[in-house]
Amino acid sequence: MKTKKQSWNLRSGNRKGFILSLDAAIAVMIVFIFIAVSTFYIAKANEETLSRVQVVRAGSDIMNVLDRENVFETKDPVAISREIGSILPSMYEMRLRINGTFPEKTITVETTNQTPQGQFVVSGERVIVLSNNSASNYAVAKYWMWLK
Amino acid sequence: MIHDGGRMKKGIVQSIGLMMLAGLLLSFAVIIFHDTQSRDERFGEMMIYDRLYDLDKSIQHGFSKIFSSNGISLSADNSHVAIAETLPGSSRLSSELDGFSSFLQSRYFSGPAVSFDSAILNNVKANVPIAIKPHNITISHTSYPSGNLQIIPSSLNLNNYTISISSSKSTISINSGGMSSGSFPVSVSVTTSYGTSAWSGNINPATSNTLLLNFDVSLPSAETVTITITNPARLLINRGNMTFSQSVSFGLQNIGNNGVTASLPESLFTINYENDKLSKKSTVILA
């Protein structure tokens, strides 16, 4: 305590210089803290954008695989769901709906969970052709994807 | 007075310092705000491009599936192109192309809007023209599905032809009297219910060449398929009244280009995102 008092016990000119230096140091510190916090948030926001793009691309790739492996031809929600489960990375959830004008009726295939509230969800769609030897049917497969 | 002047100076310096600090903070705030805003805009733009790409590719894949389910199969690499099909062609192809294009136009009538060039679509239905690029060779049909197959190079940039025909007829007799001599290899094999016959030789593709495939000669079921090769290696397989499956493959000259593609004519369909002022004319790459 005595030492502290001694260090503060400066002559008027020195004290002013010390306070000015302290003022400048605090100002510089504030600026650096602000820059650090800003950089952190900007980096975090960029990361979020990238992860969103990643989710969109993953959804698109999965739909492409399902289409090229003719999984939609089954028109069976269980089979489609099982196939999605086998290729969907573990950190994602996916919901799929197929709406098409088939000869018999309009079919809606819904798989997996309901779309969550209050979470970033990407959506996309893909035109699909379901062909067999006698006819082709046309449909749109819409998907929603989000991080677990 | 001097003392007051000194204080004033210090006050001014401090005020300027504070203003600079405030300005710096404000600048950062503005930069962060603009960065966030532009990032959201870029993300939105990327999403539109991704959606456009997905829609375009899925439409192309849909058309490819229609072609393959109607018995037209294509493969292409940097040195060869092959087409396999049945002649006469599938009578379903035309109605399925119409059905798919109508489905797309009714499903995507705004944001995005998908539209078809009806003249090109009618040409696809009538002739199934397939463009081989960059060699500028056209595989086409005369009056599909009932007509014949033709391969039309714009110049002599083919190396050879290999033709395989499979028919349910009993016998085959190959008449090669109309084939010239040269250095362009042609190989033809014909399979009937009794076995396979073949002819191969080197011809001059700049002149007229005719190969006659006579099936079931002297029988009531007699039919003739005529293979004609004219300048510059233009191939026509005239099926007459025969029904058969065929596979035609041709070698490509190396013209220093990679990425050989087989596609339907350019600008078959257009995808238009009117609100985003984004539009893409597209076609179907089959191989």
# chains A, B, ... in the order shown; residues from 1 in each chain; ligands from 1
$ residues_around --residues "region 38-50 of chain A" --least-positions-apart "6" --cutoff "9 Å" --atoms "only C-alpha atoms" --output "JSON, numbers by chain"
{"B": [28, 29, 32, 35, 36, 39, 40, 43]}
$ interface_residues --of "chain B" --to "chain A" --cutoff "6 Å" --atoms "only C-alpha atoms" --output "list in words"
Leu55, Ser58 and Gly62 of chain B
$ select_by_dssp --residues "region 5-145 of chain A" --states "alpha helix (DSSP H)" --output "JSON, numbers by chain"
{"A": [5, 6, 7, 8, 12, 13, 14, 15, 16, 17, 18, 19, 20, 21, 22, 23, 24, 25, 26, 27, 28, 29, 30, 31, 32, 33, 34, 35, 36, 37, 38, 39, 40, 41, 42, 43, 44, 45, 46, 47, 48, 49, 50, 51, 52, 53, 54, 55, 56, 57, 58, 59, 60, 61, 62, 63, 64, 65, 66, 67, 68, 77, 78, 79, 80, 81, 82, 83, 84, 85, 86, 87]}
$ atom_distance --atom1 "CA of Ile31 (chain B)" --atom2 "CA of Met19 (chain B)"
17.8 Å
$ atom_distance --atom1 "CA of Val78 (chain A)" --atom2 "CA of Ile98 (chain A)"
13.2 Å
$ atom_distance --atom1 "CA of Pro153 (chain B)" --atom2 "CA of Ser208 (chain B)"
14.9 Å
$ residues_around --residues "region 164-168 of chain B" --least-positions-apart "5" --cutoff "8 Å" --atoms "only C-alpha atoms" --output "number ranges by chain"
B: 188-193, 243-248
$ residues_around --residues "Tyr144 (chain B)" --least-positions-apart "5" --cutoff "10 Å" --atoms "only C-alpha atoms" --output "list of chain:residue names"
B:Leu87, B:Pro88, B:Gly89, B:Ser90, B:Ser91, B:Leu93, B:Ser94, B:Asn123, B:Val124, B:Lys125, B:Ala126, B:Asn127, B:Val128, B:Pro129, B:Leu149
$ closest_residue --among "A:Arg97, A:Arg82, A:Lys75, A:Arg15" --to "Gln114 (chain A)" --atoms "only C-alpha atoms"
A:Arg97
$ closest_residue --among "B:Ser68, B:Thr224, B:Asn231, B:Asn202" --to "Tyr161 (chain B)" --atoms "only C-alpha atoms"
B:Asn202
$ select_by_dssp --residues "region 85-257 of chain B" --states "strand (DSSP E)" --output "PyMOL selection string"
chain B and resi 85-87+113-116+130-133+137-141+149-153+158-166+172-178+184-192+195-203+209-215+223-230+234-238+244-252
$ decode --residues "region 173-205 of chain B" --atoms "N, CA and C atoms" --output "PDB file, in the first residue's frame"
ATOM      1  N   SER B 173     -27.378 -62.714 -95.611  1.00  0.00           N
ATOM      2  CA  SER B 173     -26.400 -62.761 -96.689  1.00  0.00           C
ATOM      3  C   SER B 173     -25.916 -61.324 -96.887  1.00  0.00           C
ATOM      4  N   ILE B 174     -24.614 -61.142 -96.797  1.00  0.00           N
ATOM      5  CA  ILE B 174     -24.065 -59.782 -96.898  1.00  0.00           C
ATOM      6  C   ILE B 174     -23.498 -59.570 -98.295  1.00  0.00           C
ATOM      7  N   ASN B 175     -23.991 -58.539 -98.974  1.00  0.00           N
ATOM      8  CA  ASN B 175     -23.506 -58.213-100.310  1.00  0.00           C
ATOM      9  C   ASN B 175     -22.654 -56.947-100.212  1.00  0.00           C
ATOM     10  N   SER B 176     -21.344 -57.142-100.374  1.00  0.00           N
ATOM     11  CA  SER B 176     -20.431 -56.002-100.214  1.00  0.00           C
ATOM     12  C   SER B 176     -19.924 -55.481-101.564  1.00  0.00           C
ATOM     13  N   GLY B 177     -20.621 -55.836-102.632  1.00  0.00           N
ATOM     14  CA  GLY B 177     -20.196 -55.417-103.975  1.00  0.00           C
ATOM     15  C   GLY B 177     -20.163 -53.912-104.163  1.00  0.00           C
ATOM     16  N   GLY B 178     -20.898 -53.192-103.376  1.00  0.00           N
ATOM     17  CA  GLY B 178     -20.955 -51.726-103.527  1.00  0.00           C
ATOM     18  C   GLY B 178     -19.965 -50.987-102.655  1.00  0.00           C
ATOM     19  N   MET B 179     -19.052 -51.719-101.992  1.00  0.00           N
ATOM     20  CA  MET B 179     -18.100 -51.056-101.098  1.00  0.00           C
ATOM     21  C   MET B 179     -16.791 -50.790-101.847  1.00  0.00           C
ATOM     22  N   SER B 180     -16.230 -49.612-101.681  1.00  0.00           N
ATOM     23  CA  SER B 180     -14.988 -49.245-102.368  1.00  0.00           C
ATOM     24  C   SER B 180     -13.776 -49.718-101.550  1.00  0.00           C
ATOM     25  N   SER B 181     -12.594 -49.459-102.078  1.00  0.00           N
ATOM     26  CA  SER B 181     -11.359 -49.769-101.340  1.00  0.00           C
ATOM     27  C   SER B 181     -10.720 -48.475-100.881  1.00  0.00           C
ATOM     28  N   GLY B 182     -10.143 -48.521 -99.701  1.00  0.00           N
ATOM     29  CA  GLY B 182      -9.503 -47.319 -99.179  1.00  0.00           C
ATOM     30  C   GLY B 182      -8.859 -47.612 -97.847  1.00  0.00           C
ATOM     31  N   SER B 183      -8.829 -46.619 -96.973  1.00  0.00           N
ATOM     32  CA  SER B 183      -8.130 -46.796 -95.701  1.00  0.00           C
ATOM     33  C   SER B 183      -9.036 -46.517 -94.491  1.00  0.00           C
ATOM     34  N   PHE B 184     -10.323 -46.436 -94.737  1.00  0.00           N
ATOM     35  CA  PHE B 184     -11.251 -46.131 -93.638  1.00  0.00           C
ATOM     36  C   PHE B 184     -11.903 -47.448 -93.172  1.00  0.00           C
ATOM     37  N   PRO B 185     -11.589 -47.925 -91.959  1.00  0.00           N
ATOM     38  CA  PRO B 185     -12.082 -49.239 -91.539  1.00  0.00           C
ATOM     39  C   PRO B 185     -13.584 -49.226 -91.218  1.00  0.00           C
ATOM     40  N   VAL B 186     -14.253 -50.220 -91.758  1.00  0.00           N
ATOM     41  CA  VAL B 186     -15.680 -50.418 -91.454  1.00  0.00           C
ATOM     42  C   VAL B 186     -15.859 -51.883 -91.077  1.00  0.00           C
ATOM     43  N   SER B 187     -16.581 -52.095 -89.994  1.00  0.00           N
ATOM     44  CA  SER B 187     -16.818 -53.466 -89.546  1.00  0.00           C
ATOM     45  C   SER B 187     -18.303 -53.633 -89.262  1.00  0.00           C
ATOM     46  N   VAL B 188     -18.873 -54.673 -89.876  1.00  0.00           N
ATOM     47  CA  VAL B 188     -20.320 -54.905 -89.702  1.00  0.00           C
ATOM     48  C   VAL B 188     -20.509 -56.346 -89.241  1.00  0.00           C
ATOM     49  N   SER B 189     -21.266 -56.520 -88.171  1.00  0.00           N
ATOM     50  CA  SER B 189     -21.606 -57.893 -87.783  1.00  0.00           C
ATOM     51  C   SER B 189     -23.118 -57.987 -87.612  1.00  0.00           C
ATOM     52  N   VAL B 190     -23.653 -59.086 -88.088  1.00  0.00           N
ATOM     53  CA  VAL B 190     -25.104 -59.266 -88.071  1.00  0.00           C
ATOM     54  C   VAL B 190     -25.420 -60.573 -87.358  1.00  0.00           C
ATOM     55  N   THR B 191     -26.266 -60.492 -86.364  1.00  0.00           N
ATOM     56  CA  THR B 191     -26.650 -61.689 -85.619  1.00  0.00           C
ATOM     57  C   THR B 191     -28.105 -62.033 -85.938  1.00  0.00           C
ATOM     58  N   THR B 192     -28.315 -63.261 -86.327  1.00  0.00           N
ATOM     59  CA  THR B 192     -29.686 -63.751 -86.552  1.00  0.00           C
ATOM     60  C   THR B 192     -29.916 -64.923 -85.601  1.00  0.00           C
ATOM     61  N   SER B 193     -31.072 -65.524 -85.726  1.00  0.00           N
ATOM     62  CA  SER B 193     -31.349 -66.636 -84.814  1.00  0.00           C
ATOM     63  C   SER B 193     -30.446 -67.839 -85.094  1.00  0.00           C
ATOM     64  N   TYR B 194     -29.814 -67.878 -86.274  1.00  0.00           N
ATOM     65  CA  TYR B 194     -28.943 -69.010 -86.610  1.00  0.00           C
ATOM     66  C   TYR B 194     -27.467 -68.725 -86.366  1.00  0.00           C
ATOM     67  N   GLY B 195     -27.111 -67.514 -86.062  1.00  0.00           N
ATOM     68  CA  GLY B 195     -25.702 -67.227 -85.815  1.00  0.00           C
ATOM     69  C   GLY B 195     -25.317 -65.831 -86.241  1.00  0.00           C
ATOM     70  N   THR B 196     -24.002 -65.600 -86.320  1.00  0.00           N
ATOM     71  CA  THR B 196     -23.497 -64.257 -86.620  1.00  0.00           C
ATOM     72  C   THR B 196     -22.664 -64.291 -87.894  1.00  0.00           C
ATOM     73  N   SER B 197     -22.917 -63.329 -88.768  1.00  0.00           N
ATOM     74  CA  SER B 197     -22.087 -63.138 -89.960  1.00  0.00           C
ATOM     75  C   SER B 197     -21.437 -61.766 -89.863  1.00  0.00           C
ATOM     76  N   ALA B 198     -20.290 -61.630 -90.463  1.00  0.00           N
ATOM     77  CA  ALA B 198     -19.596 -60.347 -90.353  1.00  0.00           C
ATOM     78  C   ALA B 198     -18.935 -59.968 -91.661  1.00  0.00           C
ATOM     79  N   TRP B 199     -18.764 -58.705 -91.848  1.00  0.00           N
ATOM     80  CA  TRP B 199     -17.978 -58.180 -92.970  1.00  0.00           C
ATOM     81  C   TRP B 199     -17.129 -57.042 -92.428  1.00  0.00           C
ATOM     82  N   SER B 200     -15.894 -56.991 -92.829  1.00  0.00           N
ATOM     83  CA  SER B 200     -15.077 -55.834 -92.466  1.00  0.00           C
ATOM     84  C   SER B 200     -14.123 -55.532 -93.608  1.00  0.00           C
ATOM     85  N   GLY B 201     -13.768 -54.300 -93.742  1.00  0.00           N
ATOM     86  CA  GLY B 201     -12.868 -53.885 -94.805  1.00  0.00           C
ATOM     87  C   GLY B 201     -12.531 -52.415 -94.670  1.00  0.00           C
ATOM     88  N   ASN B 202     -11.585 -51.996 -95.504  1.00  0.00           N
ATOM     89  CA  ASN B 202     -11.202 -50.581 -95.521  1.00  0.00           C
ATOM     90  C   ASN B 202     -11.779 -49.936 -96.778  1.00  0.00           C
ATOM     91  N   ILE B 203     -12.507 -48.881 -96.587  1.00  0.00           N
ATOM     92  CA  ILE B 203     -13.197 -48.263 -97.720  1.00  0.00           C
ATOM     93  C   ILE B 203     -12.708 -46.827 -97.933  1.00  0.00           C
ATOM     94  N   ASN B 204     -13.155 -46.261 -99.015  1.00  0.00           N
ATOM     95  CA  ASN B 204     -12.881 -44.847 -99.274  1.00  0.00           C
ATOM     96  C   ASN B 204     -14.136 -44.058 -98.854  1.00  0.00           C
ATOM     97  N   PRO B 205     -14.058 -43.303 -97.762  1.00  0.00           N
ATOM     98  CA  PRO B 205     -15.267 -42.621 -97.268  1.00  0.00           C
ATOM     99  C   PRO B 205     -15.667 -41.414 -98.100  1.00  0.00           C
TER     100      PRO B 205
END
